[in-house]
Amino acid sequence: MFFSNNKNELVNKNKALVGRENPINNSLFNEINGLSLNEIPKGYKYIILGMGCFWGAEKIFWNLKGVYVTSVGYAGGYTLNPTYDEVCSGLTGHTEVVKVIYDPTTISLEKIMIYFWEGHNPTQGMRQGNDFGTQYRSAIYTSSSGDLEVVKETKKEFQDMLKKHDLDKITTEIKSNIIYYFAENYHQQYLYKNPNGYCGLGGCGVKF
């Protein structure tokens, strides 16, 4: 396995690992409720969120009323169907993310974004707490232009609050229509299967 010389800088597309054509997982089920991770019910929506280590990030969302199912994976980079080791190398461009599928008639995107902004520190660039590297960068990947506008508005609101507390600028990467790749089985709902497992998330202490 090769590793990037500087894991705090995004790899150039021409130097990224190619990956593979076939997914590393073909069929996955949520360990908590048994639902398929591959299906999105009619009328439901999804958003993909990067908050650092995806183990703790997923736990923030899986118990929210209106969230149908969550999964963890990789997004935002260049490598096709990457493995965890490849993402850790810094040579894929991907960050660790949580895919949240939700019922918009029960929980709003604005409410989900409040948990996102408050649940981690979005000002740290290529890190989250003691976890360093591009795979831990803060990110939001939406599935529609309408959702993109909602996300940007909540970012502006939270940035204003951070400024009042003399905190840094938000470095969160915000894009739409990004390909999501499922992580390996053992990462899915990790803290449900391993209640005492590692979680390095911590917010700024600023609330909406």
# chains A, B, ... in the order shown; residues from 1 in each chain; ligands from 1

call {"tool": "residues_around", "arguments": {"residues": "Tyr141 of chain A", "least_positions_apart": "5", "cutoff": "10 Å", "atoms": "only C-alpha atoms", "output": "ChimeraX atom specification"}}
result
/A:46-50,75-76,97,99,147-148,151,173-180

call {"tool": "write_last_selection", "arguments": {"atoms": "N, CA and C atoms", "output": "PDB file, in the first residue's frame"}}
result
ATOM      1  N   TYR A  46     -32.100  11.883   0.609  1.00  0.00           N
ATOM      2  CA  TYR A  46     -30.854  11.542   1.294  1.00  0.00           C
ATOM      3  C   TYR A  46     -29.878  12.705   1.239  1.00  0.00           C
ATOM      4  N   ILE A  47     -28.949  12.694   2.168  1.00  0.00           N
ATOM      5  CA  ILE A  47     -27.843  13.641   2.169  1.00  0.00           C
ATOM      6  C   ILE A  47     -26.613  12.897   2.680  1.00  0.00           C
ATOM      7  N   ILE A  48     -25.456  13.293   2.202  1.00  0.00           N
ATOM      8  CA  ILE A  48     -24.197  12.630   2.549  1.00  0.00           C
ATOM      9  C   ILE A  48     -23.344  13.620   3.330  1.00  0.00           C
ATOM     10  N   LEU A  49     -22.895  13.203   4.517  1.00  0.00           N
ATOM     11  CA  LEU A  49     -22.233  14.116   5.450  1.00  0.00           C
ATOM     12  C   LEU A  49     -20.897  13.563   5.922  1.00  0.00           C
ATOM     13  N   GLY A  50     -19.868  14.406   5.864  1.00  0.00           N
ATOM     14  CA  GLY A  50     -18.554  14.056   6.399  1.00  0.00           C
ATOM     15  C   GLY A  50     -18.258  14.876   7.635  1.00  0.00           C
ATOM     16  N   ALA A  75     -16.666   9.285  -0.154  1.00  0.00           N
ATOM     17  CA  ALA A  75     -17.160  10.164  -1.212  1.00  0.00           C
ATOM     18  C   ALA A  75     -16.254  11.380  -1.345  1.00  0.00           C
ATOM     19  N   GLY A  76     -16.410  12.072  -2.471  1.00  0.00           N
ATOM     20  CA  GLY A  76     -15.700  13.331  -2.675  1.00  0.00           C
ATOM     21  C   GLY A  76     -14.376  13.223  -3.384  1.00  0.00           C
ATOM     22  N   VAL A  97     -17.724   9.375   5.139  1.00  0.00           N
ATOM     23  CA  VAL A  97     -19.032  10.033   5.170  1.00  0.00           C
ATOM     24  C   VAL A  97     -20.121   9.109   5.694  1.00  0.00           C
ATOM     25  N   LYS A  99     -24.250   8.403   4.947  1.00  0.00           N
ATOM     26  CA  LYS A  99     -25.400   8.648   4.087  1.00  0.00           C
ATOM     27  C   LYS A  99     -26.652   8.531   4.935  1.00  0.00           C
ATOM     28  N   ASP A 147     -31.630  21.430  -2.145  1.00  0.00           N
ATOM     29  CA  ASP A 147     -30.979  21.076  -0.889  1.00  0.00           C
ATOM     30  C   ASP A 147     -29.682  21.862  -0.716  1.00  0.00           C
ATOM     31  N   LEU A 148     -29.002  22.111  -1.813  1.00  0.00           N
ATOM     32  CA  LEU A 148     -27.750  22.866  -1.762  1.00  0.00           C
ATOM     33  C   LEU A 148     -27.978  24.260  -1.201  1.00  0.00           C
ATOM     34  N   VAL A 151     -28.543  24.014   2.594  1.00  0.00           N
ATOM     35  CA  VAL A 151     -27.260  23.759   3.263  1.00  0.00           C
ATOM     36  C   VAL A 151     -26.441  25.048   3.371  1.00  0.00           C
ATOM     37  N   GLU A 173     -16.483  21.301   2.911  1.00  0.00           N
ATOM     38  CA  GLU A 173     -16.632  21.165   1.461  1.00  0.00           C
ATOM     39  C   GLU A 173     -18.101  20.915   1.150  1.00  0.00           C
ATOM     40  N   ILE A 174     -18.686  21.717   0.270  1.00  0.00           N
ATOM     41  CA  ILE A 174     -20.106  21.583  -0.066  1.00  0.00           C
ATOM     42  C   ILE A 174     -20.250  21.401  -1.578  1.00  0.00           C
ATOM     43  N   LYS A 175     -20.820  20.263  -1.978  1.00  0.00           N
ATOM     44  CA  LYS A 175     -21.018  19.962  -3.391  1.00  0.00           C
ATOM     45  C   LYS A 175     -22.321  19.188  -3.566  1.00  0.00           C
ATOM     46  N   SER A 176     -22.733  19.019  -4.806  1.00  0.00           N
ATOM     47  CA  SER A 176     -23.940  18.232  -5.080  1.00  0.00           C
ATOM     48  C   SER A 176     -23.641  17.128  -6.087  1.00  0.00           C
ATOM     49  N   ASN A 177     -24.493  16.099  -6.036  1.00  0.00           N
ATOM     50  CA  ASN A 177     -24.415  14.982  -6.989  1.00  0.00           C
ATOM     51  C   ASN A 177     -23.036  14.314  -7.008  1.00  0.00           C
ATOM     52  N   ILE A 178     -22.587  13.922  -5.843  1.00  0.00           N
ATOM     53  CA  ILE A 178     -21.301  13.235  -5.678  1.00  0.00           C
ATOM     54  C   ILE A 178     -21.556  11.735  -5.532  1.00  0.00           C
ATOM     55  N   ILE A 179     -20.710  10.917  -6.145  1.00  0.00           N
ATOM     56  CA  ILE A 179     -20.860   9.461  -6.049  1.00  0.00           C
ATOM     57  C   ILE A 179     -20.488   8.981  -4.647  1.00  0.00           C
ATOM     58  N   TYR A 180     -21.317   8.107  -4.112  1.00  0.00           N
ATOM     59  CA  TYR A 180     -21.123   7.536  -2.772  1.00  0.00           C
ATOM     60  C   TYR A 180     -20.776   6.057  -2.910  1.00  0.00           C
TER      61      TYR A 180
END

call {"tool": "select_by_dssp", "arguments": {"residues": "segment 49-120 of chain A", "states": "alpha helix (DSSP H)", "output": "PyMOL selection string"}}
result
chain A and resi 54-62+84-88+109-119

call {"tool": "closest_residue", "arguments": {"among": "A:Thr105, A:Val206, A:Gln189, A:Ser27", "to": "Lys163 of chain A", "atoms": "only C-alpha atoms"}}
result
A:Val206

call {"tool": "residues_around", "arguments": {"residues": "Thr79 of chain A", "least_positions_apart": "6", "cutoff": "10 Å", "atoms": "only C-alpha atoms", "output": "CSV table (one decimal) with C-alpha atoms, in the first residue's frame"}}
result
chain,number,residue,atom,x,y,z
A,13,LYS,CA,-6.6,13.5,-9.8
A,16,ALA,CA,-5.0,9.2,-7.4
A,17,LEU,CA,-5.5,5.4,-7.1
A,18,VAL,CA,-7.6,4.1,-9.9
A,19,GLY,CA,-9.7,1.6,-7.8
A,20,ARG,CA,-11.9,-1.1,-9.3
A,21,GLU,CA,-15.0,-1.4,-11.4
A,86,GLU,CA,-6.9,3.0,0.2
A,87,VAL,CA,-8.8,5.9,1.7
A,91,LEU,CA,-4.4,8.8,-2.4
A,92,THR,CA,-8.1,8.5,-3.2
A,93,GLY,CA,-9.3,12.1,-2.5
A,94,HIS,CA,-12.3,10.6,-0.6
A,181,TYR,CA,-19.3,4.2,-2.2

call {"tool": "closest_residue", "arguments": {"among": "A:Ser144, A:Asn33, A:Asn194, A:Gln135", "to": "Cys53 of chain A", "atoms": "only C-alpha atoms"}}
result
A:Gln135

call {"tool": "atom_distance", "arguments": {"atom1": "atom CA of Ile140 of chain A", "atom2": "atom CA of Asn196 of chain A"}}
result
27.3 Å

call {"tool": "atom_distance", "arguments": {"atom1": "atom CA of Asn12 of chain A", "atom2": "atom CA of Leu80 of chain A"}}
result
14.9 Å

call {"tool": "select_by_dssp", "arguments": {"residues": "chain A", "states": "strand (DSSP E)", "output": "JSON, numbers by chain"}}
result
{"A": [45, 46, 47, 48, 49, 50, 51, 67, 68, 69, 70, 71, 72, 73, 74, 75, 95, 96, 97, 98, 99, 100, 101, 102, 127, 128, 131, 132, 138, 139, 140, 141, 142, 173, 174, 175, 176, 180, 181, 182]}

call {"tool": "closest_residue", "arguments": {"among": "A:Phe29, A:Phe132, A:Tyr186, A:Tyr68", "to": "Gly200 of chain A", "atoms": "only C-alpha atoms"}}
result
A:Phe132

call {"tool": "closest_residue", "arguments": {"among": "A:Glu39, A:Glu157, A:Glu96, A:Glu58", "to": "Tyr136 of chain A", "atoms": "only C-alpha atoms"}}
result
A:Glu96

call {"tool": "closest_residue", "arguments": {"among": "A:Glu149, A:Asp85, A:Asp160, A:Glu9", "to": "Phe208 of chain A", "atoms": "only C-alpha atoms"}}
result
A:Asp160

call {"tool": "closest_residue", "arguments": {"among": "A:Gln128, A:Ser108, A:Asn38, A:Gly90", "to": "Asn26 of chain A", "atoms": "only C-alpha atoms"}}
result
A:Asn38

call {"tool": "residues_around", "arguments": {"residues": "Lys207 of chain A", "least_positions_apart": "4", "cutoff": "9 Å", "atoms": "only C-alpha atoms", "output": "VMD selection string"}}
result
chain A and resid 114 117 to 118 158 161

call {"tool": "write_last_selection", "arguments": {"atoms": "C-alpha atoms", "output": "CSV table (one decimal), in the first residue's frame"}}
result
chain,number,residue,atom,x,y,z
A,114,ILE,CA,-28.3,21.4,13.0
A,117,TRP,CA,-23.0,21.6,12.5
A,118,GLU,CA,-23.3,21.1,16.2
A,158,PHE,CA,-23.7,28.9,11.8
A,161,MET,CA,-22.6,32.3,15.4

call {"tool": "residues_around", "arguments": {"residues": "Glu184 of chain A", "least_positions_apart": "2", "cutoff": "8 Å", "atoms": "only C-alpha atoms", "output": "PyMOL selection string"}}
result
chain A and resi 24-25+73+83-84+182+186-188

call {"tool": "write_last_selection", "arguments": {"atoms": "C-alpha atoms", "output": "tab-separated table (two decimals), in the first residue's frame"}}
result
chain	number	residue	atom	x	y	z
A	24	ILE	CA	-16.52	-3.93	-2.57
A	25	ASN	CA	-20.03	-4.64	-1.22
A	73	GLY	CA	-18.94	5.10	3.08
A	83	THR	CA	-11.27	0.20	0.25
A	84	TYR	CA	-10.70	1.59	3.73
A	182	PHE	CA	-20.32	1.95	0.66
A	186	TYR	CA	-17.43	-4.09	9.60
A	187	HIS	CA	-17.67	-0.28	9.48
A	188	GLN	CA	-21.46	-0.22	9.15

call {"tool": "decode", "arguments": {"residues": "segment 107-165 of chain A", "atoms": "C-alpha atoms", "output": "mmCIF file, in the first residue's frame"}}
result
data_model
loop_
_atom_site.group_PDB
_atom_site.id
_atom_site.type_symbol
_atom_site.label_atom_id
_atom_site.label_comp_id
_atom_site.auth_asym_id
_atom_site.auth_seq_id
_atom_site.Cartn_x
_atom_site.Cartn_y
_atom_site.Cartn_z
ATOM 1 C CA ILE A 107 -37.682 15.561 9.681
ATOM 2 C CA SER A 108 -36.497 18.582 7.731
ATOM 3 C CA LEU A 109 -33.114 18.995 6.130
ATOM 4 C CA GLU A 110 -32.633 22.067 8.314
ATOM 5 C CA LYS A 111 -33.008 19.886 11.436
ATOM 6 C CA ILE A 112 -30.489 17.367 10.108
ATOM 7 C CA MET A 113 -28.053 20.186 9.388
ATOM 8 C CA ILE A 114 -28.320 21.448 12.962
ATOM 9 C CA TYR A 115 -27.094 18.054 14.182
ATOM 10 C CA PHE A 116 -24.352 18.170 11.558
ATOM 11 C CA TRP A 117 -22.995 21.604 12.457
ATOM 12 C CA GLU A 118 -23.263 21.100 16.222
ATOM 13 C CA GLY A 119 -21.905 17.534 16.141
ATOM 14 C CA HIS A 120 -18.361 18.292 14.985
ATOM 15 C CA ASN A 121 -15.917 21.138 14.469
ATOM 16 C CA PRO A 122 -16.295 22.323 10.861
ATOM 17 C CA THR A 123 -13.380 24.790 11.059
ATOM 18 C CA GLN A 124 -10.456 22.377 11.191
ATOM 19 C CA GLY A 125 -9.660 21.741 7.537
ATOM 20 C CA MET A 126 -8.119 18.330 6.893
ATOM 21 C CA ARG A 127 -8.693 16.958 10.365
ATOM 22 C CA GLN A 128 -11.226 16.371 13.099
ATOM 23 C CA GLY A 129 -9.880 16.449 16.620
ATOM 24 C CA ASN A 130 -6.944 14.050 16.870
ATOM 25 C CA ASP A 131 -7.699 12.488 13.466
ATOM 26 C CA PHE A 132 -5.522 13.994 10.733
ATOM 27 C CA GLY A 133 -5.788 13.679 6.971
ATOM 28 C CA THR A 134 -8.026 14.474 4.016
ATOM 29 C CA GLN A 135 -10.298 11.533 4.856
ATOM 30 C CA TYR A 136 -11.437 13.410 7.984
ATOM 31 C CA ARG A 137 -12.403 16.693 6.330
ATOM 32 C CA SER A 138 -15.846 18.149 6.890
ATOM 33 C CA ALA A 139 -18.127 17.762 3.874
ATOM 34 C CA ILE A 140 -21.727 17.982 2.709
ATOM 35 C CA TYR A 141 -22.856 16.366 -0.530
ATOM 36 C CA THR A 142 -26.445 17.053 -1.543
ATOM 37 C CA SER A 143 -28.668 15.312 -4.096
ATOM 38 C CA SER A 144 -30.381 18.429 -5.477
ATOM 39 C CA SER A 145 -29.840 22.128 -6.098
ATOM 40 C CA GLY A 146 -32.693 22.929 -3.710
ATOM 41 C CA ASP A 147 -30.979 21.076 -0.889
ATOM 42 C CA LEU A 148 -27.750 22.866 -1.762
ATOM 43 C CA GLU A 149 -29.400 26.217 -1.082
ATOM 44 C CA VAL A 150 -30.716 25.006 2.295
ATOM 45 C CA VAL A 151 -27.260 23.759 3.263
ATOM 46 C CA LYS A 152 -25.580 27.031 2.298
ATOM 47 C CA GLU A 153 -28.107 29.024 4.320
ATOM 48 C CA THR A 154 -27.483 26.936 7.450
ATOM 49 C CA LYS A 155 -23.739 27.323 6.896
ATOM 50 C CA LYS A 156 -24.134 31.115 6.802
ATOM 51 C CA GLU A 157 -26.183 31.071 10.005
ATOM 52 C CA PHE A 158 -23.679 28.873 11.825
ATOM 53 C CA GLN A 159 -20.730 30.913 10.563
ATOM 54 C CA ASP A 160 -22.303 34.046 12.028
ATOM 55 C CA MET A 161 -22.604 32.260 15.371
ATOM 56 C CA LEU A 162 -18.990 31.089 15.244
ATOM 57 C CA LYS A 163 -17.855 34.630 14.504
ATOM 58 C CA LYS A 164 -19.624 35.897 17.627
ATOM 59 C CA HIS A 165 -17.547 33.392 19.612
#
